[in-house]
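For reference, the structure is listed below as structure tokens.
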Amino acid sequence: MEEDRVIEKWRLKQKIKDKTVYTIWFLLTLLPLSVILLNAGDMPLGTQEEGWCWMYGCWCVYLLVPLMGCFLPRFRAETLPRIADVVSAVLMLYGIIEAWWGLAQLWGWIPSNHARFAVTGSFANPGPYSGFLAIVFPVAVHECVYWYLYDKKCWNFLRCMGWVTLVSLLLVLPAGMSRTAWIAALVSAGYVYVSLTPYTMAKWFGPYKKITWTIVAVAFVALVAAGSGLYHLKKDSADGRLLMWKVAASALQEHPLTGNGWNGVAAVYGQAQEDYFAKGDYTETEARVADAPEYVFNEYLQVALAWGIPVLVVALAVIGWGIYVMHQYLECGLSGGLIAFAIFAFASYPLQCPALVSTLALLLFPALVRLLRPGKIKNLVCFSIAWITCIVCVELHLQKEYIAEKYRLWSKSQVLYQAGMYRQAAGEYRKIYENPCYAYPWVDWNPRFLFEYARSLHKIGLWDESTVILKEALKVSGDPMILNLIGKNESAMYRFDSAERYYRKAADRVPSRIYPHYLMVKLFSYRDNYQPEKLKEAARMVLTKEPKVPSTAIRQMKEETRKILKEKQIEL
């Protein structure tokens, strides 16, 4: 009897200890994904330095504490099997928060973070928001299916959370209107179900083979029809991405092994698109959907353009290894999340968003920890990886914090720029730009900062200085407005041939835009540069080209062009 009491007491003590360790892991694992809820309100629109800085700092803490603890034998034995469960629980918790945040925006209770879209969650737009929900979706499916198959009566924390997450995601995921996220969620959920029910597949491809192949044929026809419907749902968007991939693939041929640097991708893409349209071998659809994107909406091409094909191969190997390890240990929810990420990355930009990068790292973390088994060599390797990663995270955290300070100064200077006080704004921008602490190449300049600085210089008549800054901007951006402003600087200094060359480059870079043709109308109508034939050609482009989005500015350009033609007595 006394022995039973001692055993019972020991079991209770172990249970409390297990729950305590589980709770500590859960609270620690909340840290890396807390960047999802970060609102960098004091940063200029479109910058995410605060988010990156916060993410690196959180990963420093998260990696140091758990990985150091994993080398204690008792700690390892008690916690390793539960790491995947903890990561799943954290992902589902954030999934629930984001899903209901999106629903509240859809119902008008909370404002959206984007003027054009009703549902964004805590993200800046519905693209990465839908991607995050798609990554969480297979995790929720895994918890629902796993516990149903192996213990129907057990309604534990993970199973209950799985059903709440699944229902929440199904309510809001369609509202994001992201076709890539829908495909990622469906494919990864199908993978989870097939992985957890192999006997079902064996049965259907055994005695019921004929019925199965009939179902497969019908499903294939349905998928083709659904694919066609998804394509026509946002046809211009799909055509635009196909053009981006085509141009990015051609740009990759220049530096396939070394790449162009992460911040140089937009500039390389812009030049490649300009060269493509300058050849004249393109369709009207391509000319209509072309734009000046910051990224190529395909992270595989983005990584290859930035760092070269070898780095892309290594990255794919790491993700494939993570999927394999999680699949081997029946953690299909996390391997399904990695598959969803891989699919979503094919037609979107998750690596540009700190929240999704942190999600990817968290999905891979349990696979890394699975390597921690008895054995000095493996532990030494994992220990080294942990410390190296922590050192890199600390370095990146400090660097991003420093750059974030530059953005805060920029945000204050923008007040002068937006108020039209260009001389004062140029002075403030010069202080930031010439500060030795932010000297190139240690700090990659934001193209919007450079453009605002250059435009301020243009407005106060410092045209040569403005052009120097704009040429720096061309190293990190493919925006044709930079070329237009260089052309205006050249025109102001009576370098008309040079101005024409830059305007034509801008027109080739994004053929659907009317503004460079309007600038050429003005250029060829100057008394010192009057060229009737070229004026007529440029005016025809302004008056006949249909804009992608009609606006007051375009109407004014057309009216001004008609007025110039009337003054010069030119008929089209």
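Chain labels A, B, ... are given in the sequence in which chains occur in the structure tokens; within each chain residues are numbered consecutively from 1, and ligands are likewise numbered from 1 in the order shown.
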
Polymer residues at most 9 Å from A:Pro511, only C-alpha atoms, same-chain spacing of 2 or more positions, as a PyMOL selection string: chain A and resi 277+287-288+290-291+506-509+513-514

Would you mind exporting N, CA and C atoms of the selected residues as a PDB file, in the first residue's frame?
```pdb
ATOM      1  N   PHE A 277      11.076  44.353 -73.959  1.00  0.00           N
ATOM      2  CA  PHE A 277      10.113  45.146 -74.724  1.00  0.00           C
ATOM      3  C   PHE A 277      10.791  45.974 -75.819  1.00  0.00           C
ATOM      4  N   ALA A 287       2.218  43.683 -72.903  1.00  0.00           N
ATOM      5  CA  ALA A 287       2.421  45.128 -72.764  1.00  0.00           C
ATOM      6  C   ALA A 287       1.414  45.729 -71.791  1.00  0.00           C
ATOM      7  N   ARG A 288       0.196  45.196 -71.785  1.00  0.00           N
ATOM      8  CA  ARG A 288      -0.851  45.735 -70.915  1.00  0.00           C
ATOM      9  C   ARG A 288      -0.616  45.391 -69.445  1.00  0.00           C
ATOM     10  N   ALA A 290       2.288  44.481 -67.959  1.00  0.00           N
ATOM     11  CA  ALA A 290       3.634  44.751 -67.441  1.00  0.00           C
ATOM     12  C   ALA A 290       3.603  45.894 -66.428  1.00  0.00           C
ATOM     13  N   ASP A 291       4.460  45.779 -65.424  1.00  0.00           N
ATOM     14  CA  ASP A 291       4.570  46.819 -64.404  1.00  0.00           C
ATOM     15  C   ASP A 291       6.003  46.828 -63.896  1.00  0.00           C
ATOM     16  N   ALA A 506      12.320  54.527 -70.265  1.00  0.00           N
ATOM     17  CA  ALA A 506      11.175  54.419 -69.359  1.00  0.00           C
ATOM     18  C   ALA A 506       9.957  53.860 -70.085  1.00  0.00           C
ATOM     19  N   ALA A 507       9.735  54.308 -71.332  1.00  0.00           N
ATOM     20  CA  ALA A 507       8.591  53.823 -72.115  1.00  0.00           C
ATOM     21  C   ALA A 507       8.738  52.339 -72.440  1.00  0.00           C
ATOM     22  N   ASP A 508       9.960  51.889 -72.713  1.00  0.00           N
ATOM     23  CA  ASP A 508      10.192  50.467 -72.994  1.00  0.00           C
ATOM     24  C   ASP A 508      10.051  49.606 -71.741  1.00  0.00           C
ATOM     25  N   ARG A 509      10.437  50.161 -70.610  1.00  0.00           N
ATOM     26  CA  ARG A 509      10.414  49.375 -69.370  1.00  0.00           C
ATOM     27  C   ARG A 509       8.990  48.985 -68.986  1.00  0.00           C
ATOM     28  N   ARG A 513       2.436  52.560 -69.657  1.00  0.00           N
ATOM     29  CA  ARG A 513       2.383  53.880 -69.027  1.00  0.00           C
ATOM     30  C   ARG A 513       2.446  55.003 -70.069  1.00  0.00           C
ATOM     31  N   ILE A 514       1.631  56.017 -69.856  1.00  0.00           N
ATOM     32  CA  ILE A 514       1.511  57.145 -70.783  1.00  0.00           C
ATOM     33  C   ILE A 514       2.487  58.268 -70.439  1.00  0.00           C
TER      34      ILE A 514
END
```

10 Å contact set for A:Val303, only C-alpha atoms, chain neighbours under 5 positions out, as JSON, numbers by chain: {"A": [259, 260, 261, 262, 265, 298, 308, 309, 310, 311, 312, 313, 315, 351]}

Who sits within 7 Å of A:Met326, only C-alpha atoms, same chain under 6 positions skipped, as a PyMOL selection string: chain A and resi 332+334-335+367

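By only C-alpha atoms, and with residues fewer than 6 positions from A:Asp85 along its chain excluded, the set lying at most 10 Å from it is Tyr22, Phe26, Leu91, Val139, Glu143, Leu158, Glu331, Gly333, Leu334 and Pro366 of chain A.
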
Just the residues within 12 Å of A:Val357, please, counting only C-alpha atoms, with nothing from its chain fewer than 6 positions along; format it as a short mmCIF file (atom, residue, chain, number, x, y, z; two decimals) with N, CA, C and O atoms, in the first residue's frame.
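File written: selection-v2.cif
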```
data_model
loop_
_atom_site.label_atom_id
_atom_site.label_comp_id
_atom_site.auth_asym_id
_atom_site.auth_seq_id
_atom_site.Cartn_x
_atom_site.Cartn_y
_atom_site.Cartn_z
N PRO A 32 9.06 33.51 -31.55
CA PRO A 32 9.43 33.73 -32.95
C PRO A 32 8.31 34.23 -33.84
O PRO A 32 8.55 34.98 -34.79
N LEU A 33 7.06 33.81 -33.55
CA LEU A 33 5.94 34.24 -34.40
C LEU A 33 5.26 35.50 -33.90
O LEU A 33 4.29 35.96 -34.50
N VAL A 35 6.26 38.30 -34.23
CA VAL A 35 6.46 39.34 -35.26
C VAL A 35 5.20 39.52 -36.10
O VAL A 35 4.99 40.59 -36.70
N ILE A 36 4.35 38.50 -36.15
CA ILE A 36 3.09 38.60 -36.90
C ILE A 36 2.23 39.75 -36.38
O ILE A 36 1.56 40.45 -37.15
N GLY A 51 10.21 44.91 -38.21
CA GLY A 51 9.80 43.50 -38.16
C GLY A 51 10.99 42.56 -38.23
O GLY A 51 11.07 41.59 -37.46
N TRP A 52 11.92 42.83 -39.15
CA TRP A 52 13.11 41.98 -39.26
C TRP A 52 13.93 42.04 -37.98
O TRP A 52 14.42 41.01 -37.49
N MET A 55 12.24 40.04 -35.28
CA MET A 55 12.31 38.61 -35.56
C MET A 55 13.67 38.03 -35.18
O MET A 55 13.76 36.99 -34.52
N TYR A 56 14.75 38.71 -35.58
CA TYR A 56 16.09 38.21 -35.27
C TYR A 56 16.32 38.17 -33.76
O TYR A 56 16.91 37.22 -33.23
N TRP A 59 14.49 35.17 -32.25
CA TRP A 59 15.14 33.90 -32.55
C TRP A 59 16.42 33.71 -31.74
O TRP A 59 16.79 32.59 -31.40
N PRO A 128 0.42 37.78 -48.31
CA PRO A 128 1.08 37.04 -47.23
C PRO A 128 0.12 36.56 -46.15
O PRO A 128 0.35 35.52 -45.52
N GLY A 131 -1.28 33.43 -47.38
CA GLY A 131 -0.21 32.43 -47.35
C GLY A 131 -0.02 31.85 -45.97
O GLY A 131 0.16 30.63 -45.81
N PHE A 132 -0.04 32.70 -44.95
CA PHE A 132 0.11 32.20 -43.58
C PHE A 132 -1.04 31.27 -43.20
O PHE A 132 -0.83 30.21 -42.60
N ILE A 135 -0.54 27.90 -44.74
CA ILE A 135 0.50 27.11 -44.07
C ILE A 135 -0.05 26.47 -42.80
O ILE A 135 0.29 25.32 -42.47
N GLU A 299 9.62 32.88 -55.48
CA GLU A 299 10.80 32.96 -54.62
C GLU A 299 11.96 32.10 -55.10
O GLU A 299 13.11 32.36 -54.74
N LEU A 338 5.26 22.81 -44.58
CA LEU A 338 6.40 23.09 -45.45
C LEU A 338 6.02 22.95 -46.93
O LEU A 338 6.45 23.75 -47.77
N PHE A 341 4.08 26.00 -47.84
CA PHE A 341 4.99 27.12 -48.02
C PHE A 341 5.68 27.04 -49.39
O PHE A 341 5.79 28.04 -50.09
N ALA A 342 6.13 25.83 -49.75
CA ALA A 342 6.84 25.64 -51.02
C ALA A 342 5.93 25.96 -52.21
O ALA A 342 6.37 26.56 -53.20
N ALA A 345 5.25 29.78 -52.28
CA ALA A 345 6.43 30.52 -52.73
C ALA A 345 6.58 30.49 -54.24
O ALA A 345 7.29 31.34 -54.80
N TYR A 349 5.45 35.96 -52.61
CA TYR A 349 6.70 36.52 -52.10
C TYR A 349 6.83 36.35 -50.58
O TYR A 349 7.08 37.31 -49.84
N PRO A 350 6.74 35.13 -50.06
CA PRO A 350 6.80 34.94 -48.60
C PRO A 350 8.14 35.31 -47.98
O PRO A 350 8.18 35.69 -46.80
N LEU A 351 9.24 35.23 -48.72
CA LEU A 351 10.55 35.55 -48.16
C LEU A 351 10.75 37.05 -47.98
O LEU A 351 11.74 37.48 -47.40
N LEU A 363 8.87 25.88 -38.72
CA LEU A 363 8.49 24.59 -39.29
C LEU A 363 9.70 23.66 -39.42
O LEU A 363 9.57 22.44 -39.28
N LEU A 364 10.87 24.23 -39.70
CA LEU A 364 12.09 23.42 -39.85
C LEU A 364 12.73 23.08 -38.50
O LEU A 364 13.51 22.13 -38.41
#
```

Of the listed residues A:Phe449, A:Trp245, A:Tyr146, A:Trp100, that which approaches A:Val164 most closely, counting only C-alpha atoms: A:Trp100

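Near A:Leu409, within 9 Å and counting only C-alpha atoms, sit Ala404, Gln414, Glu428, Tyr429 and Ile432 of chain A, not including residues fewer than 5 positions from it in the same chain.
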
All residues 10 Å or closer to A:Arg455, only C-alpha atoms, same chain fewer than 2 positions away omitted, as an NGL selection string: :A and (417 or 422 or 426 or 449-453 or 457-463 or 466-467 or 469-470 or 482 or 485-486 or 489)

Filtered DSSP result for stretch 261-396 of chain A, state alpha helix (DSSP H), as a PyMOL selection string: chain A and resi 265-278+284-289+299-307+309-328+332-345+354-369+376-396

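With only C-alpha atoms as the basis for measurement, A:Tyr329 is the residue among A:Tyr324, A:Trp163, A:Tyr329, A:Tyr494 that approaches A:Arg82 most closely.
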